[in-house]
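> My questions all concern the structure below.
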Amino acid sequence: MTQTDHTQTDHSRADHSHTPVLTFEDVHLAFGQVKAVNGVGFHVDPDELFAIIGPNGAGKTSIFNVLSGVYRPQQGRVQLHGTDLLGLKPPAIARLGMARTFQNIELFANLTVLDNLMLGRHQHIGYGVWSALAWVGRARREELRHRRVVEDIIDFLELEQWRRMPVGLLPYGVQKRVELGRALAMDPKLLLLDEPVAGMNLEETEDMARFILDIREDLHVPIIMVEHDMGLVMDLADRILVVDFGTPITTGTPGEVQQHPDVIHAYLGGDLDTAPADAEVTA
Amino acid sequence: MSAVHDPAPPTTGAEARPRRARRVRGRTELYTSYAQEMALLNTRGKQLGVLAIIAVAAYLPLGVEDDILAVLATGLVLAIGAIGLNLLTGYAGQVSLGHAFFVGLGAYTAAVLSGDPDGRYLGFGITNPLVWIPAAGIVAAVAGFLVAPLATRLRGLYLAIVTLGLVFIGQYFFLEWRSLSGGAQVGRDAATPILFGIDLTRNGAYTDEQKLYWFFLVVLVVMALLGRNVARSKVGRAFAAVRDRDIAAGVMGVELSRYKQIAFTISSFYAGVCGSLLFCLNGHVSAEQFGLLLSVQFIAMVLIGGVATISGSIMGAMLIALLPQIAAEVPHLLPFISSSARDSPNIFELEIAMYGVLIIAFLLFEPRGLYGIWMRIRTYWKGFPFSY
């Protein structure tokens with residue numbers, strides 16, 4: 001813990017804009033013979049929105065699972081604010097400030113929106129079993145304090161009308177938003193969004209894009225986003241990493257990536273004249 | 001737009017206590033502070049309802065015959081155990097068939113502590129229930145704490161089978177340790193509660209059933225309140241997270257093994273308390289009672305009462321406790337069922353069959369249990385005369 005604090009203070013003293021929030025170096029993750037992540041490396045700068053794209057099965061979600069500690073790669077180095085993440089368990093990584101959403105919604109379906117968001121606050125709520133048993137005093141005070149934080153997030157994501165509904169009963173698009181809220185409730189230092197607009201209609205997609213922009217602008221949280229909606233990715237991302245079959249193809253700004261011949265090859269299997277951005281919107 | 005507003009934003013750290021919020025008459029669901037909404041009984045209806053239930057429950061011993069009262073008193077004690085199992089199985093999602101083992105540990109701890117030091121079996125002569133109830137809970141809780149690591153390796157059916165093993169180990173242990181339990185077919189005296197010089201198991205100004213019933217009621221209310229507090233706290237939420245999505249729970253910062261351990265420990269504490277009181281009424285414990293059937297009865301209480309509800313656990317326990325009584329009434333309606341154990345079909349067979357039928361029926365038709373039925377009735381009358 002003190003180790004983390006040290007590195008953080010060191011960073012704040014250093015020129016902030018040049019210290020990456022996250023470094024991901026030469027990570028290899030294999031399941032038997034299948035190389036899910038094969039030598040991927042990238043870094044994320046403060047306030048950056050970094051996108052990872054690639055065809056299905058390219059290893060994007062595997063990268064997220066390495067980041068959040070669900071998978072343990074055979075080789076590589078991952079650092080968040082200078083702290084090594086590899087070998088840490090998911091709760092420990094969560095405590096360092098990594099928050100994520102999931103491709104297939106992983107909300108606690110029987111709990112209300114409020115309780116789901118309060119679970120996002122879990123690591124920040126400071127009381128134990130004994131206070132919980134007694135409730136009066138510390139537990140009640142802490143619950144009230146964190147309830148206020150959660151209500152701010154509910155406000156931010158416009159979830160007011162659903163706050164006391166069990167999330168299992170909510171429409172898909174709203175569930176995606178609740179999941180984003182749960183990640184925000186963790187006070188993240190780095191936010192991982194796994195296909196935030198997958199399966200959404202245009203209106204819901206635009207809403208989500210607005211929330212992502214708001215998160216950048218108001219909360220200054222760096223974001224890594226995996227997404228198939230190329231329109232969204234090209235509009236929002238600062239830089240993009242393209243992976244295919246676990247192997248990195250290129251990293252660059254949306255403009256650079258769109259013109260890169262290997263990217264076009266990975267997505268379309270050839271023809272350099274076709275514009276990938278337009279083709280993928282409908283994909 | 002929203003019903004919840006916070007009238008007093010916290011100004012300084014010292015003034016953490018929010019201004020006391022006022023309720024608006026006739027608007028029971030209009031909360032004017034988070035504290036008000038998060039209160040245990042957050043509407044006037046709930047406050048009055050719970051008060052009325054406790055008042056009626058406390059009055060019952062004066063208006064009900066002692067044999068019925070004994071059944072109800074047993075139900076109160078079973079409810080404590082059911083709350084414990086519901087915290088583990090209902091809230092934290094860890095199916096346990098080993099509850100009977102922990103109940104047994106509690107029963108014997110209490111019996112040994114309060115037993116006659118000069119008697120045939122182990123005894124320390126500490127008859128104050130304020131000592132042996134917590135002690136029974138703690139012994140069972142320690143056992144639960146030690147068993148919990150199993151749950152970090154196993155889940156679902158596998159965990160159920162392994163915890164089932166506990167019951168058999170426990171039964172062997174109880175049967176063979178004669179100086180503890182009296183051995184097979186013999187048994188020993190149960191714990192004797194002597195509170196402030198009053199022996200609750202002797203008839204006095206009030207009968208033993210009345211005294212024990214009141215005592216059990218007080219213990220149940222305390223334990224239920226503690227259970228509700230756990231359920232609505234950070235701990236209860238973490239339990240539910242472990243149950244619903246364990247991987248996501250880990251990514252949210254919930255340490256799975258730690259919370260499974262907490263769940264097992266708390267649940268076993270409840271089981272121990274239940275066990276310590278369960279045999280006070282008939283005064284006798286025998287090792288055969290802590291078998292698989294008792295575990296199944298607790299599972300039935302949880303399923304019938306309502307998974308992941310405290311009030312449901314109490315309702316389920318009362319129904320299971322009353323089941324023999326209900327079965328005994330059946331011959332009046334269906335004459336071909338005998339009330340004598342020698343004929344077949346008889347009410348005792350019927351009682352066993354009813355556990356199964358009730359579990360199946362509730363799982364099929366009302367998975368939320370008696371609590372779910374209550375919710376339906378409540379919703380109907382809340383919306384009356386409209387259907388929604």
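Letters A, B, ... go to the chains of the structure tokens in the order shown; residues in each chain start at 1; ligands are counted from 1 in the same order.
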Which residues are close to segment 48-54 of chain A, i.e. within 6 Å by only C-alpha atoms, leaving aside same-chain residues fewer than 4 positions away? Reply as a list in words.
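Non-adjacent residues within range: Ala58, Pro222, Ile223, Ile224, Met225, Val226, Ala237, Asp238, Arg239, Ile240, Leu241, Val242, Val243 and Asp244 of chain A.
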> Would you give me, as a Markdown table, each residue of chain A having an atom within 6 Å of an atom of chain B, along with its shortest atom pair and that distance in Å to one decimal, using only C-alpha atoms and sorting by chain and residue number?

```
| residue | atom | partner | partner_atom | distance |
| --- | --- | --- | --- | --- |
| A:Pro90 | CA | B:Val251 | CA | 4.9 |
| A:Pro91 | CA | B:Gly253 | CA | 3.8 |
| A:Ala94 | CA | B:Gly253 | CA | 5.2 |
| A:Phe108 | CA | B:Asp244 | CA | 5.3 |
| A:Gly120 | CA | B:Met252 | CA | 5.8 |
| A:Gln123 | CA | B:Gly253 | CA | 5.9 |
| A:Ala132 | CA | B:Val230 | CA | 5.4 |
| A:Leu133 | CA | B:Leu226 | CA | 5.2 |
| A:Trp135 | CA | B:Asn229 | CA | 5.9 |
```
> Report, in Å with one decimal, the straight-line distance from atom CA of Asp189 of chain B to atom CA of Gly115 of chain B.
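Calculated distance between atom CA of Asp189 of chain B and atom CA of Gly115 of chain B is 7.5 Å.
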> So how many Å separate atom CA of Phe173 of chain B and atom CA of His284 of chain B, to one decimal?
18.1 Å
> Would you work out the distance separating atom CA of Gly119 of chain B from atom CA of Thr207 of chain B, expressed in Å to one decimal?
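Straight-line distance from atom CA of Gly119 of chain B to atom CA of Thr207 of chain B works out to 26.2 Å.
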> DSSP says strand (DSSP E or B) for which residues of segment 131-323 of chain B? Put them as number ranges by chain?
B: 188-189, 194-195, 198-199, 284-285
> From the options A:Phe31, A:Phe156, A:Tyr127, A:Phe211, which residue's atoms come nearest to Gly246 of chain A, counting only C-alpha atoms?
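The shortest atom-to-atom distance to Gly246 of chain A comes from A:Phe31.
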> Hey, what's within 10 Å of segment 290-299 of chain B if we count only C-alpha atoms and toss same-chain stuff fewer than 2 positions away? As number ranges by chain, please?
B: 78-79, 81-86, 89-90, 95-105, 107, 164-168, 170-171, 174, 275, 285-288, 301-305, 307, 313, 316-317, 320-321, 352, 355-356, 359
> Measuring between only C-alpha atoms, which one of A:Ile249, A:Met98, A:Val78, A:Val40 shows the shortest distance to Pro188 of chain A?
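The answer is A:Met98, which sits nearest to Pro188 of chain A.
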> Would you please work out which residue, of A:Lys60, A:Asp152, A:Leu86, A:Lys176, is nearest to Glu106 of chain A when using only C-alpha atoms?
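Of the candidates, the smallest distance to Glu106 of chain A is held by A:Lys176.
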> Determine, for each residue of segment 310-382 of chain B having at least one atom at most 12 Å from an atom of segment 71-74 of chain B, the closest pair of atoms and their separation in Å to one decimal, counting only C-alpha atoms; order by chain and ascending number, as a tab-separated table.

```
residue	atom	partner	partner_atom	distance
B:Ile314	CA	B:Leu72	CA	11.2
B:Met315	CA	B:Leu72	CA	11.3
B:Ala317	CA	B:Thr74	CA	8.9
B:Met318	CA	B:Leu72	CA	6.9
B:Leu319	CA	B:Leu72	CA	9.5
B:Ile320	CA	B:Thr74	CA	9.9
B:Ala321	CA	B:Val71	CA	6.3
B:Leu322	CA	B:Val71	CA	6.6
B:Leu323	CA	B:Val71	CA	9.7
B:Pro324	CA	B:Val71	CA	9.1
B:Gln325	CA	B:Val71	CA	8.3
B:Ile326	CA	B:Val71	CA	11.3
```
> I need the residue nearest Val64 of chain B from this list: B:Ile161, B:Ile133, B:Tyr213, B:Ile169. Use only C-alpha atoms for the distance.
B:Tyr213
> I'd like to know which of B:Thr109, B:Tyr121, B:Gly75, B:Cys280 is closest to Val186 of chain B, using only C-alpha atoms.
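Ranked by minimum distance to Val186 of chain B, first place goes to B:Tyr121.
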